[in-house]
file protein_2.csv (CSV, C-alpha atoms)
chain,number,residue,atom,x,y,z
A,256,MET,CA,-28.9,80.6,29.6
A,257,ASN,CA,-28.8,77.4,31.6
A,258,TRP,CA,-26.0,75.4,30.0
A,259,GLU,CA,-26.6,72.4,32.2
A,260,ALA,CA,-30.2,72.0,31.0
A,261,ILE,CA,-29.2,72.3,27.4
A,262,LEU,CA,-26.4,69.7,27.7
A,263,MET,CA,-28.8,67.2,29.2
A,264,THR,CA,-31.0,67.1,26.1
A,265,ILE,CA,-28.3,66.4,23.5
A,266,PRO,CA,-28.9,62.5,23.3
A,267,TYR,CA,-32.6,62.9,22.6
A,268,MET,CA,-32.0,65.7,20.0
A,269,THR,CA,-29.6,63.4,18.2
A,270,VAL,CA,-32.2,60.7,18.0
A,271,VAL,CA,-34.8,63.2,16.5
A,272,ILE,CA,-32.3,64.5,13.9
A,273,LEU,CA,-31.3,60.9,12.8
A,274,PHE,CA,-35.0,60.0,12.5
A,275,MET,CA,-35.7,63.1,10.4
A,276,ILE,CA,-32.8,62.3,8.0
A,277,GLY,CA,-34.0,58.8,7.5
A,278,LEU,CA,-37.6,60.0,6.8
A,279,PHE,CA,-36.4,62.6,4.3
A,280,THR,CA,-34.5,60.0,2.4
A,281,VAL,CA,-37.5,57.6,2.1
A,282,LEU,CA,-39.8,60.4,0.9
A,283,PHE,CA,-37.7,62.4,-1.6
A,284,LYS,CA,-35.2,60.0,-3.3
A,285,LYS,CA,-35.8,58.1,-6.5
A,286,ASN,CA,-33.3,55.2,-6.3
A,287,LEU,CA,-34.6,52.0,-4.6
A,288,ILE,CA,-31.3,51.2,-2.8
A,289,LYS,CA,-31.2,54.7,-1.2
A,290,ILE,CA,-34.8,54.2,0.1
A,291,ILE,CA,-33.6,50.9,1.8
A,292,MET,CA,-30.7,52.8,3.4
A,293,GLY,CA,-33.2,55.4,4.8
A,294,ILE,CA,-35.2,52.6,6.4
A,295,ALA,CA,-32.0,51.2,8.1
A,296,ILE,CA,-31.1,54.7,9.4
A,297,MET,CA,-34.6,55.0,11.1
A,298,GLN,CA,-34.1,51.6,12.7
A,299,ASN,CA,-30.7,52.7,14.1
A,300,ALA,CA,-32.3,55.8,15.6
A,301,ALA,CA,-34.9,53.7,17.5
A,302,ASN,CA,-32.1,51.4,18.9
A,303,LEU,CA,-30.1,54.5,20.1
A,304,PHE,CA,-33.1,55.8,21.9
A,305,LEU,CA,-33.6,52.5,23.7
A,306,VAL,CA,-30.0,52.4,24.9
A,307,SER,CA,-29.9,56.0,26.0
A,308,LEU,CA,-33.0,55.6,28.3
A,309,ALA,CA,-31.2,53.3,30.7
A,310,TYR,CA,-28.2,55.3,32.0
A,311,ARG,CA,-27.4,56.3,35.6
A,312,ARG,CA,-24.9,59.0,36.0
A,313,GLY,CA,-21.3,57.9,36.6
A,314,GLU,CA,-21.8,54.1,36.6
A,315,TYR,CA,-20.3,51.2,34.8
A,316,ALA,CA,-21.3,48.3,32.5
A,317,PRO,CA,-23.5,45.5,34.2
A,318,ILE,CA,-20.9,42.7,34.2
A,319,PHE,CA,-19.7,41.4,37.5
A,320,THR,CA,-16.1,40.8,36.4
A,321,SER,CA,-15.3,44.5,36.6
A,322,ALA,CA,-17.8,46.4,38.7
A,323,GLU,CA,-19.4,46.3,42.1
A,324,SER,CA,-23.1,45.5,42.3
A,325,THR,CA,-24.1,48.9,43.5
A,326,GLU,CA,-22.7,50.9,40.6
A,327,MET,CA,-24.3,49.4,37.5
A,328,VAL,CA,-26.4,50.7,34.7
A,329,MET,CA,-29.9,49.2,34.2
A,330,PRO,CA,-29.7,46.0,32.1
A,331,THR,CA,-33.2,45.5,30.7
A,332,ALA,CA,-33.0,47.9,27.8
A,333,HIS,CA,-29.8,46.3,26.4
A,334,ALA,CA,-31.5,42.9,26.0
A,335,LEU,CA,-34.5,44.5,24.1
A,336,THR,CA,-32.0,46.3,21.8
A,337,LEU,CA,-30.3,43.0,20.8
A,338,THR,CA,-33.6,41.6,19.7
A,339,SER,CA,-34.4,44.8,17.7
A,340,ILE,CA,-31.1,44.6,15.8
A,341,VAL,CA,-31.9,41.1,14.6
A,342,ILE,CA,-35.4,42.1,13.5
A,343,GLY,CA,-33.8,44.9,11.4
A,344,LEU,CA,-31.4,42.5,9.8
A,345,ALA,CA,-34.3,40.2,8.7
A,346,THR,CA,-36.3,43.1,7.2
A,347,THR,CA,-33.3,44.4,5.2
A,348,ALA,CA,-32.4,41.0,3.8
A,349,LEU,CA,-35.9,40.4,2.5
A,350,LEU,CA,-36.1,44.0,1.0
A,351,LEU,CA,-32.8,43.5,-0.9
A,352,SER,CA,-33.9,40.2,-2.4
A,353,PHE,CA,-37.1,41.9,-3.7
A,354,VAL,CA,-34.8,44.6,-5.4
A,355,ILE,CA,-32.9,41.8,-7.2
A,356,MET,CA,-36.2,40.4,-8.6
A,357,ILE,CA,-37.4,43.9,-9.7
A,358,LYS,CA,-34.1,44.4,-11.6
A,359,LYS,CA,-34.5,41.1,-13.4
A,360,HIS,CA,-38.1,41.8,-14.6
A,361,TYR,CA,-38.1,45.6,-15.4
A,362,GLY,CA,-34.5,46.3,-16.2
A,363,SER,CA,-34.0,49.4,-14.0
A,364,ILE,CA,-34.3,50.4,-10.3
A,365,ASN,CA,-35.6,53.9,-10.8
A,366,THR,CA,-39.1,54.4,-9.2
A,367,ASP,CA,-40.3,56.4,-12.2
A,368,ASP,CA,-40.1,53.3,-14.5
A,369,VAL,CA,-41.5,50.7,-12.1
A,370,ARG,CA,-45.0,52.2,-11.7
A,371,ARG,CA,-47.4,49.5,-12.9
A,372,CYS,CA,-47.5,45.7,-12.6
A,373,LYS,CA,-46.1,44.0,-15.7
A,374,GLU,CA,-48.1,41.5,-17.7
B,290,MET,CA,-48.3,69.9,-6.0
B,291,ARG,CA,-47.0,66.9,-4.0
B,292,LYS,CA,-43.7,68.3,-3.0
B,293,PRO,CA,-44.7,71.4,-0.9
B,294,ILE,CA,-47.3,69.3,1.0
B,295,ALA,CA,-44.6,66.7,1.9
B,296,VAL,CA,-42.2,69.5,3.0
B,297,LEU,CA,-44.9,71.0,5.2
B,298,ALA,CA,-45.7,67.7,6.8
B,299,LEU,CA,-42.0,67.0,7.6
B,300,LEU,CA,-41.6,70.4,9.3
B,301,ILE,CA,-44.7,69.9,11.5
B,302,LEU,CA,-43.5,66.5,12.6
B,303,PHE,CA,-40.0,67.9,13.4
B,304,VAL,CA,-41.5,70.6,15.6
B,305,PHE,CA,-43.6,68.1,17.5
B,306,LEU,CA,-40.7,65.7,18.1
B,307,ALA,CA,-38.3,68.5,19.1
B,308,MET,CA,-40.8,69.8,21.7
B,309,GLY,CA,-41.1,66.3,23.1
B,310,ALA,CA,-37.3,65.9,23.2
B,311,ILE,CA,-36.8,69.1,25.1
B,312,GLU,CA,-39.3,68.3,27.9
B,313,MET,CA,-38.0,64.8,28.7
B,314,ARG,CA,-36.5,64.0,32.1
B,315,PRO,CA,-32.8,64.9,32.4
B,316,PHE,CA,-30.3,62.4,30.9
B,317,GLY,CA,-28.9,60.1,33.6
B,318,GLU,CA,-31.5,60.3,36.5
B,319,PRO,CA,-34.1,57.5,36.2
B,320,GLU,CA,-37.1,57.6,38.5
B,321,GLU,CA,-38.5,54.1,39.2
B,322,THR,CA,-35.9,51.3,39.1
B,323,GLU,CA,-37.4,48.4,41.0
B,324,MET,CA,-37.4,45.9,38.2
B,325,ASP,CA,-33.7,46.4,37.4
B,326,ASP,CA,-32.7,46.3,41.1
B,327,TYR,CA,-34.5,43.0,41.3
B,328,PHE,CA,-32.3,41.7,38.5
B,329,LEU,CA,-29.1,43.1,39.9
B,330,TYR,CA,-28.9,42.7,43.6
B,331,ASP,CA,-31.7,40.9,45.3
B,332,GLU,CA,-30.7,38.7,48.2
B,333,GLU,CA,-32.1,35.3,47.0
B,334,GLU,CA,-33.3,35.8,43.4
B,335,GLY,CA,-30.7,38.2,41.9
B,336,SER,CA,-28.4,37.2,39.1
B,337,GLN,CA,-25.4,36.1,41.2
B,338,ALA,CA,-27.3,34.1,43.8
B,339,HIS,CA,-29.9,32.5,41.7
B,340,ASN,CA,-28.3,31.2,38.5
B,341,HIS,CA,-24.6,32.0,39.1
B,342,VAL,CA,-23.9,34.0,35.9
B,343,ASN,CA,-21.5,36.9,35.8
B,344,ASN,CA,-23.0,38.7,32.7
B,345,VAL,CA,-26.3,40.2,33.7
B,346,VAL,CA,-27.4,41.1,30.1
B,347,THR,CA,-26.9,37.4,28.9
B,348,ALA,CA,-28.8,36.2,32.0
B,349,VAL,CA,-31.7,38.5,31.3
B,350,LEU,CA,-31.8,37.4,27.6
B,351,PHE,CA,-31.6,33.6,28.1
B,352,ASP,CA,-32.9,32.9,31.6
B,353,TYR,CA,-35.4,35.5,32.8
B,354,ARG,CA,-36.8,36.3,29.3
B,355,GLY,CA,-36.2,33.2,27.3
B,356,LEU,CA,-39.4,33.2,25.3
B,357,ASP,CA,-38.4,36.5,23.6
B,358,THR,CA,-35.2,34.8,22.4
B,359,LEU,CA,-37.1,31.9,21.1
B,360,GLY,CA,-39.3,34.2,19.0
B,361,GLU,CA,-36.2,36.0,17.7
B,362,ALA,CA,-34.6,32.7,16.5
B,363,THR,CA,-37.9,31.9,14.7
B,364,ILE,CA,-37.9,35.3,13.0
B,365,LEU,CA,-34.3,34.6,11.7
B,366,PHE,CA,-35.4,31.2,10.4
B,367,ALA,CA,-38.5,32.6,8.6
B,368,ALA,CA,-36.5,35.4,7.0
B,369,VAL,CA,-33.9,32.9,5.6
B,370,SER,CA,-36.7,30.7,4.3
B,371,GLY,CA,-38.3,33.7,2.5
B,372,VAL,CA,-35.0,34.7,0.8
B,373,LEU,CA,-34.5,31.1,-0.4
B,374,THR,CA,-38.0,31.0,-1.9
B,375,VAL,CA,-37.8,34.4,-3.7
B,376,LEU,CA,-34.4,33.6,-5.3
B,377,ARG,CA,-34.9,30.0,-6.4
B,378,GLU,CA,-34.3,28.7,-10.0
B,379,LEU,CA,-37.1,27.3,-12.1
B,380,LYS,CA,-36.7,24.8,-14.9
B,381,LYS,CA,-38.2,27.1,-17.5
B,382,GLU,CA,-37.0,30.5,-18.8
B,383,GLY,CA,-35.7,31.7,-15.4
B,384,GLY,CA,-36.9,34.3,-12.9
B,385,LYS,CA,-40.1,33.8,-10.9
B,386,ASP,CA,-43.0,34.2,-13.3
B,387,ASP,CA,-46.7,34.2,-12.6
C,13,MET,CA,-20.0,34.0,-9.8
C,14,ASN,CA,-17.4,31.7,-11.2
C,15,TRP,CA,-14.1,33.5,-11.4
C,16,LYS,CA,-11.4,33.5,-8.7
C,17,MET,CA,-8.9,35.9,-7.5
C,18,SER,CA,-5.1,35.8,-8.0
C,19,ARG,CA,-2.7,33.5,-6.2
C,20,ILE,CA,-1.6,36.1,-3.6
C,21,VAL,CA,-5.2,36.6,-2.4
C,22,ARG,CA,-5.9,32.9,-2.2
C,23,THR,CA,-2.7,32.2,-0.1
C,24,VAL,CA,-3.5,35.0,2.4
C,25,THR,CA,-7.1,33.7,2.7
C,26,ASN,CA,-5.8,30.2,3.5
C,27,PHE,CA,-3.7,31.7,6.3
C,28,LEU,CA,-6.3,34.1,7.8
C,29,ILE,CA,-9.3,31.8,8.1
C,30,VAL,CA,-8.1,30.0,11.2
C,31,PRO,CA,-7.6,33.1,13.5
C,32,ILE,CA,-11.1,34.4,12.5
C,33,ILE,CA,-12.8,31.2,13.4
C,34,VAL,CA,-10.9,30.8,16.7
C,35,TYR,CA,-11.9,34.4,17.7
C,36,GLY,CA,-15.6,33.7,16.9
C,37,ILE,CA,-15.6,30.4,18.9
C,38,TYR,CA,-14.0,32.3,21.8
C,39,LEU,CA,-16.8,34.9,21.8
C,40,VAL,CA,-19.5,32.3,21.7
C,41,LEU,CA,-18.0,30.1,24.5
C,42,HIS,CA,-17.3,32.9,27.0
C,43,GLY,CA,-20.7,34.5,26.6
C,44,HIS,CA,-21.5,34.3,30.3
C,45,LEU,CA,-18.4,36.0,31.6
C,46,THR,CA,-17.5,38.8,29.2
C,47,PRO,CA,-19.6,40.8,26.7
C,48,GLY,CA,-20.6,38.5,23.8
C,49,GLY,CA,-22.9,35.6,23.4
C,50,GLY,CA,-24.6,33.6,20.7
C,51,PHE,CA,-25.6,36.3,18.2
C,52,GLN,CA,-22.4,38.3,18.3
C,53,GLY,CA,-20.1,35.2,17.9
C,54,GLY,CA,-22.3,33.8,15.1
C,55,ALA,CA,-22.0,37.0,13.1
C,56,VAL,CA,-18.2,36.9,13.4
C,57,ILE,CA,-18.0,33.3,12.1
C,58,ALA,CA,-20.3,34.2,9.2
C,59,SER,CA,-17.9,36.8,8.0
C,60,SER,CA,-15.3,34.1,7.2
C,61,THR,CA,-17.8,32.6,4.8
C,62,ALA,CA,-18.0,35.9,3.0
C,63,LEU,CA,-14.2,35.9,2.7
C,64,LEU,CA,-14.2,32.4,1.2
C,65,ILE,CA,-16.8,33.3,-1.4
C,66,ILE,CA,-14.9,36.5,-2.5
C,67,ALA,CA,-11.6,34.7,-2.8
C,68,TYR,CA,-12.6,31.4,-4.4
C,69,GLY,CA,-16.0,32.0,-6.2
C,70,THR,CA,-17.7,29.0,-4.8
C,71,LEU,CA,-18.0,27.0,-1.6
C,72,GLY,CA,-17.1,23.6,-3.1
C,73,GLU,CA,-19.1,20.6,-1.9
C,74,HIS,CA,-20.3,21.9,1.4
C,75,GLU,CA,-23.2,23.9,-0.1
C,76,LYS,CA,-25.8,21.4,0.8
C,77,ASP,CA,-25.0,21.1,4.5
C,78,LEU,CA,-25.8,24.7,5.5
C,79,SER,CA,-29.6,24.3,5.8
C,80,SER,CA,-29.3,21.1,7.8
C,81,VAL,CA,-27.0,22.8,10.3
C,82,GLU,CA,-29.4,25.7,10.8
C,83,ALA,CA,-32.4,23.4,11.4
C,84,LEU,CA,-30.3,21.3,13.8
C,85,GLY,CA,-29.4,24.4,15.9
C,86,LEU,CA,-33.0,25.5,16.3
C,87,THR,CA,-34.2,22.0,17.2
C,88,LEU,CA,-31.6,21.6,19.9
C,89,PHE,CA,-32.4,25.0,21.3
C,90,ILE,CA,-36.1,24.1,21.7
C,91,LEU,CA,-35.2,20.7,23.2
C,92,ILE,CA,-33.1,22.3,26.0
C,93,ALA,CA,-36.0,24.7,26.7
C,94,LEU,CA,-38.5,21.8,27.1
C,95,LEU,CA,-36.3,19.6,29.3
C,96,GLY,CA,-37.3,21.4,32.5
C,97,ILE,CA,-41.0,21.3,31.9
C,98,GLY,CA,-41.6,20.0,35.4
C,99,THR,CA,-41.5,23.5,37.0
C,100,THR,CA,-41.8,25.9,34.0
C,101,MET,CA,-40.5,26.3,30.4
C,102,PHE,CA,-36.8,27.5,30.2
C,103,TYR,CA,-36.1,26.4,33.8
C,104,ASN,CA,-32.4,26.4,34.7
C,105,PHE,CA,-32.1,22.9,36.0
C,106,LEU,CA,-28.3,22.8,35.9
C,107,ALA,CA,-27.4,25.8,38.0
C,108,GLY,CA,-25.8,25.2,41.4
C,109,ALA,CA,-25.9,21.4,41.2
C,110,GLY,CA,-22.5,19.8,40.7
C,111,GLY,CA,-23.0,18.5,37.1
C,112,VAL,CA,-21.9,19.5,33.6
C,113,PHE,CA,-22.0,23.3,34.0
C,114,GLY,CA,-22.9,23.6,37.7
C,115,GLY,CA,-20.8,25.5,40.1
C,116,THR,CA,-21.2,28.4,42.5
C,117,ILE,CA,-19.5,31.8,42.4
C,118,PRO,CA,-18.5,34.0,45.4
C,119,GLU,CA,-20.2,37.4,45.9
C,120,GLY,CA,-18.8,40.7,44.6
C,121,ILE,CA,-16.1,41.2,42.0
C,122,ASN,CA,-14.5,37.9,40.8
C,123,PRO,CA,-12.5,36.7,37.8
C,124,GLY,CA,-14.8,34.4,35.8
C,125,TYR,CA,-15.0,30.7,36.1
C,126,ILE,CA,-16.1,28.7,33.0
C,127,ASN,CA,-17.7,25.9,34.9
C,128,THR,CA,-20.7,28.0,36.1
C,129,GLY,CA,-23.9,29.1,34.5
C,130,GLY,CA,-26.2,26.2,34.1
C,131,THR,CA,-28.0,26.0,30.8
C,132,VAL,CA,-26.8,29.5,29.6
C,133,PRO,CA,-23.6,28.3,27.9
C,134,LEU,CA,-25.3,25.4,26.1
C,135,MET,CA,-28.0,27.8,24.7
C,136,ASN,CA,-25.2,30.1,23.6
C,137,ILE,CA,-23.6,27.3,21.5
C,138,PHE,CA,-26.8,26.3,19.8
C,139,VAL,CA,-27.9,29.9,19.0
C,140,GLY,CA,-24.3,30.5,17.6
C,141,LEU,CA,-24.6,27.5,15.3
C,142,GLU,CA,-28.0,28.7,14.0
C,143,VAL,CA,-27.0,32.3,13.3
C,144,THR,CA,-23.8,31.2,11.5
C,145,ALA,CA,-25.6,29.0,9.1
C,146,ALA,CA,-28.4,31.5,8.5
C,147,LEU,CA,-26.1,34.4,7.6
C,148,SER,CA,-23.9,32.2,5.5
C,149,LEU,CA,-26.9,31.0,3.6
C,150,ILE,CA,-28.1,34.6,2.9
C,151,ILE,CA,-24.7,35.6,1.6
C,152,TRP,CA,-24.2,32.5,-0.6
C,153,MET,CA,-27.7,32.8,-2.1
C,154,MET,CA,-27.2,36.5,-3.1
C,155,SER,CA,-23.8,35.9,-4.6
C,156,LYS,CA,-25.2,33.6,-7.3
C,157,GLU,CA,-27.0,36.5,-9.0
C,158,THR,CA,-24.1,38.6,-10.1
C,159,PHE,CA,-23.5,39.0,-13.9
C,160,VAL,CA,-20.9,40.7,-16.0
C,161,ILE,CA,-21.8,44.0,-17.8
C,162,ASN,CA,-20.2,44.4,-21.3
C,163,SER,CA,-16.6,43.7,-20.3
C,164,GLU,CA,-14.3,40.9,-20.9
C,165,LYS,CA,-13.2,39.1,-17.8
C,166,LYS,CA,-10.8,36.3,-18.3
C,167,GLU,CA,-10.7,33.3,-16.0
C,168,VAL,CA,-7.5,33.1,-14.0
C,169,LYS,CA,-5.6,29.9,-14.8
C,170,ASP,CA,-4.2,27.7,-12.0

call {"tool": "encode", "arguments": {"input": "protein_2.csv", "output": "structure tokens"}}
result
Amino acid sequence: MNWEAILMTIPYMTVVILFMIGLFTVLFKKNLIKIIMGIAIMQNAANLFLVSLAYRRGEYAPIFTSAESTEMVMPTAHALTLTSIVIGLATTALLLSFVIMIKKHYGSINTDDVRRCKE
Amino acid sequence: MRKPIAVLALLILFVFLAMGAIEMRPFGEPEETEMDDYFLYDEEEGSQAHNHVNNVVTAVLFDYRGLDTLGEATILFAAVSGVLTVLRELKKEGGKDD
Amino acid sequence: MNWKMSRIVRTVTNFLIVPIIVYGIYLVLHGHLTPGGGFQGGAVIASSTALLIIAYGTLGEHEKDLSSVEALGLTLFILIALLGIGTTMFYNFLAGAGGVFGGTIPEGINPGYINTGGTVPLMNIFVGLEVTAALSLIIWMMSKETFVINSEKKEVKD
């Protein structure tokens, strides 16, 4: 067994396992708030994948106060991840306000009772 | 009838993603890094010689890629407008009818 | 909601608001020297609004200023971007020229100097203003929908 090759794929396997946990929660749970939590877990898995693609072995954070310029990690993926986190926040805020309106009209947040549009 | 089909689809997706994760390049050895070397240490247009900023991530966000930050601020503004519209109060019975 | 917490909680909140806001302003202002910036500092200052709503129940007479502050932040951000339209949009016309935020830094590792950076610290301040007002508005709007479920909650006097 090649232990070095197995250790090198642990970050990507973590991303796959987190994504599967989020997808399982969206498909098989019946409470609306648990479904929203599953969507947030899937967004966090995508952000983790973006950050783990930009690593060079044995180097430091890309800030000139504490590292030389020849031993820095690649800084482009960190900027894309910041934008993606804000987009996840906007999605979650709008979904939660819809749950408040459903509770006012139907009286419950179980997906077995909220099947058809109310007159 | 719906549950076994969903479990089978989840298992097939997990096998595909796991096979893709095993055959990726090793963690920590990127191959083509010309764009980031241009941001970090070019002689005349890097981040320390061109716009005199110590934090490279903030310089990429606000100076080299400023239009993406403008779009992100607009998304935040539109989301807050949507929340304020859904949860407003009407003069009649209450809630957002019709 | 319109009930407030006990006197101990209100006194500790009065004491703790000032260090939280000072820490948030430090993160926003030093965004070009240490990890931080507009979005991170704005989220820290918005958490002080959540503390005020939990302890007091309402925000008083400042509820109508939040939407004006958010629109002002976004307008000033677009204005700074359009000021250098001679060369391109988002042009850094303050870097290196001895002006408000102009100044040069030596090569290699150096302790940071605030007077550098060009238009990047100004954009950090405006984005921090907008993110603070947006998150506070979301928290305040969702806190008006709480209701009491078959229990008797007395209002705390004084």

call {"tool": "residues_around", "arguments": {"input": "protein_2.csv", "residues": "segment 86-88 of chain C", "least_positions_apart": "2", "cutoff": "12 Å", "atoms": "only C-alpha atoms", "output": "tab-separated table (two decimals) with C-alpha atoms, in the frame of the given file"}}
result
chain	number	residue	atom	x	y	z
B	358	THR	CA	-35.20	34.80	22.40
B	359	LEU	CA	-37.10	31.90	21.10
B	360	GLY	CA	-39.30	34.20	19.00
B	361	GLU	CA	-36.20	36.00	17.70
B	362	ALA	CA	-34.60	32.70	16.50
B	363	THR	CA	-37.90	31.90	14.70
B	364	ILE	CA	-37.90	35.30	13.00
B	365	LEU	CA	-34.30	34.60	11.70
B	366	PHE	CA	-35.40	31.20	10.40
B	367	ALA	CA	-38.50	32.60	8.60
C	79	SER	CA	-29.60	24.30	5.80
C	80	SER	CA	-29.30	21.10	7.80
C	81	VAL	CA	-27.00	22.80	10.30
C	82	GLU	CA	-29.40	25.70	10.80
C	83	ALA	CA	-32.40	23.40	11.40
C	84	LEU	CA	-30.30	21.30	13.80
C	90	ILE	CA	-36.10	24.10	21.70
C	91	LEU	CA	-35.20	20.70	23.20
C	92	ILE	CA	-33.10	22.30	26.00
C	93	ALA	CA	-36.00	24.70	26.70
C	94	LEU	CA	-38.50	21.80	27.10
C	95	LEU	CA	-36.30	19.60	29.30
C	134	LEU	CA	-25.30	25.40	26.10
C	135	MET	CA	-28.00	27.80	24.70
C	136	ASN	CA	-25.20	30.10	23.60
C	137	ILE	CA	-23.60	27.30	21.50
C	138	PHE	CA	-26.80	26.30	19.80
C	139	VAL	CA	-27.90	29.90	19.00
C	140	GLY	CA	-24.30	30.50	17.60
C	141	LEU	CA	-24.60	27.50	15.30
C	142	GLU	CA	-28.00	28.70	14.00
C	143	VAL	CA	-27.00	32.30	13.30
C	144	THR	CA	-23.80	31.20	11.50
C	145	ALA	CA	-25.60	29.00	9.10
C	146	ALA	CA	-28.40	31.50	8.50

call {"tool": "interface_residues", "arguments": {"input": "protein_2.csv", "of": "chain A", "to": "chain C", "cutoff": "12 Å", "atoms": "all atoms listed in the file", "output": "compact mmCIF listing (two decimals) with C-alpha atoms, in the coordinates of the input"}}
result
# COMPACT_ATOMS: atom_id res chain seq x y z
CA ALA A 316 -21.30 48.30 32.50
CA PRO A 317 -23.50 45.50 34.20
CA ILE A 318 -20.90 42.70 34.20
CA PHE A 319 -19.70 41.40 37.50
CA THR A 320 -16.10 40.80 36.40
CA SER A 321 -15.30 44.50 36.60
CA ALA A 322 -17.80 46.40 38.70
CA GLU A 323 -19.40 46.30 42.10
CA SER A 324 -23.10 45.50 42.30
CA THR A 325 -24.10 48.90 43.50
CA GLU A 326 -22.70 50.90 40.60
CA HIS A 333 -29.80 46.30 26.40
CA ALA A 334 -31.50 42.90 26.00
CA LEU A 337 -30.30 43.00 20.80
CA THR A 338 -33.60 41.60 19.70
CA ILE A 340 -31.10 44.60 15.80
CA VAL A 341 -31.90 41.10 14.60
CA LEU A 344 -31.40 42.50 9.80
CA ALA A 345 -34.30 40.20 8.70
CA THR A 347 -33.30 44.40 5.20
CA ALA A 348 -32.40 41.00 3.80
CA LEU A 349 -35.90 40.40 2.50
CA LEU A 351 -32.80 43.50 -0.90
CA SER A 352 -33.90 40.20 -2.40
CA PHE A 353 -37.10 41.90 -3.70
CA VAL A 354 -34.80 44.60 -5.40
CA ILE A 355 -32.90 41.80 -7.20
CA MET A 356 -36.20 40.40 -8.60
CA LYS A 358 -34.10 44.40 -11.60
CA LYS A 359 -34.50 41.10 -13.40

call {"tool": "closest_atom_pairs", "arguments": {"input": "protein_2.csv", "of": "chain B", "to": "chain A", "cutoff": "7 Å", "atoms": "only C-alpha atoms", "output": "Markdown table"}}
result
| residue | atom | partner | partner_atom | distance |
| --- | --- | --- | --- | --- |
| B:Leu306 | CA | A:Val271 | CA | 6.6 |
| B:Ala307 | CA | A:Val271 | CA | 6.9 |
| B:Ala310 | CA | A:Tyr267 | CA | 5.6 |
| B:Ile311 | CA | A:Thr264 | CA | 6.2 |
| B:Pro315 | CA | A:Met263 | CA | 5.6 |
| B:Phe316 | CA | A:Met263 | CA | 5.3 |
| B:Gly317 | CA | A:Arg311 | CA | 4.5 |
| B:Glu318 | CA | A:Arg311 | CA | 5.8 |
| B:Pro319 | CA | A:Arg311 | CA | 6.8 |
| B:Asp325 | CA | A:Met329 | CA | 5.7 |
| B:Leu329 | CA | A:Ser324 | CA | 6.9 |
| B:Tyr330 | CA | A:Ser324 | CA | 6.6 |
| B:Asn343 | CA | A:Phe319 | CA | 5.1 |
| B:Asn344 | CA | A:Ile318 | CA | 4.8 |
| B:Val345 | CA | A:Ile318 | CA | 6.0 |
| B:Val346 | CA | A:Pro330 | CA | 5.8 |
| B:Val349 | CA | A:Ala334 | CA | 6.9 |
| B:Leu350 | CA | A:Ala334 | CA | 5.7 |
| B:Glu361 | CA | A:Thr338 | CA | 6.5 |
| B:Leu365 | CA | A:Ala345 | CA | 6.4 |
| B:Ala368 | CA | A:Ala345 | CA | 5.5 |
| B:Val372 | CA | A:Leu349 | CA | 6.0 |

call {"tool": "closest_residue", "arguments": {"input": "protein_2.csv", "among": "C:Val30, C:Val112, C:Val21, C:Ala107", "to": "chain B", "atoms": "all atoms listed in the file"}}
result
C:Ala107

call {"tool": "interface_residues", "arguments": {"input": "protein_2.csv", "of": "chain B", "to": "chain C", "cutoff": "7 Å", "atoms": "only C-alpha atoms", "output": "PDB file with C-alpha atoms, keeping the file's coordinate frame"}}
result
ATOM      1  CA  ASN B 340     -28.300  31.200  38.500  1.00  0.00           C
ATOM      2  CA  HIS B 341     -24.600  32.000  39.100  1.00  0.00           C
ATOM      3  CA  VAL B 342     -23.900  34.000  35.900  1.00  0.00           C
ATOM      4  CA  ASN B 343     -21.500  36.900  35.800  1.00  0.00           C
ATOM      5  CA  ASN B 344     -23.000  38.700  32.700  1.00  0.00           C
ATOM      6  CA  THR B 347     -26.900  37.400  28.900  1.00  0.00           C
ATOM      7  CA  PHE B 351     -31.600  33.600  28.100  1.00  0.00           C
ATOM      8  CA  ASP B 352     -32.900  32.900  31.600  1.00  0.00           C
ATOM      9  CA  GLY B 355     -36.200  33.200  27.300  1.00  0.00           C
ATOM     10  CA  VAL B 369     -33.900  32.900   5.600  1.00  0.00           C
TER      11      VAL B 369
END

call {"tool": "atom_distance", "arguments": {"input": "protein_2.csv", "atom1": "atom CA of Phe303 of chain B", "atom2": "atom CA of Glu320 of chain B"}}
result
27.3 Å

call {"tool": "atom_distance", "arguments": {"input": "protein_2.csv", "atom1": "atom CA of Asn365 of chain A", "atom2": "atom CA of Asn286 of chain A"}}
result
5.2 Å

call {"tool": "atom_distance", "arguments": {"input": "protein_2.csv", "atom1": "atom CA of Ala67 of chain C", "atom2": "atom CA of Ser18 of chain C"}}
result
8.4 Å

call {"tool": "decode", "arguments": {"input": "protein_2.csv", "residues": "segment 48-62 of chain C", "atoms": "C-alpha atoms", "output": "CSV table (one decimal), in the first residue's frame"}}
result
chain,number,residue,atom,x,y,z
C,48,GLY,CA,-9.6,41.6,6.9
C,49,GLY,CA,-11.3,44.1,4.8
C,50,GLY,CA,-14.8,45.5,4.2
C,51,PHE,CA,-17.0,42.4,4.3
C,52,GLN,CA,-15.4,40.9,7.4
C,53,GLY,CA,-15.4,44.1,9.5
C,54,GLY,CA,-19.0,44.8,8.5
C,55,ALA,CA,-20.2,41.4,9.7
C,56,VAL,CA,-18.5,42.1,13.1
C,57,ILE,CA,-20.2,45.5,13.6
C,58,ALA,CA,-23.6,43.9,12.6
C,59,SER,CA,-23.3,41.5,15.5
C,60,SER,CA,-23.5,44.4,17.9
C,61,THR,CA,-27.0,45.3,16.5
C,62,ALA,CA,-28.1,41.7,17.2
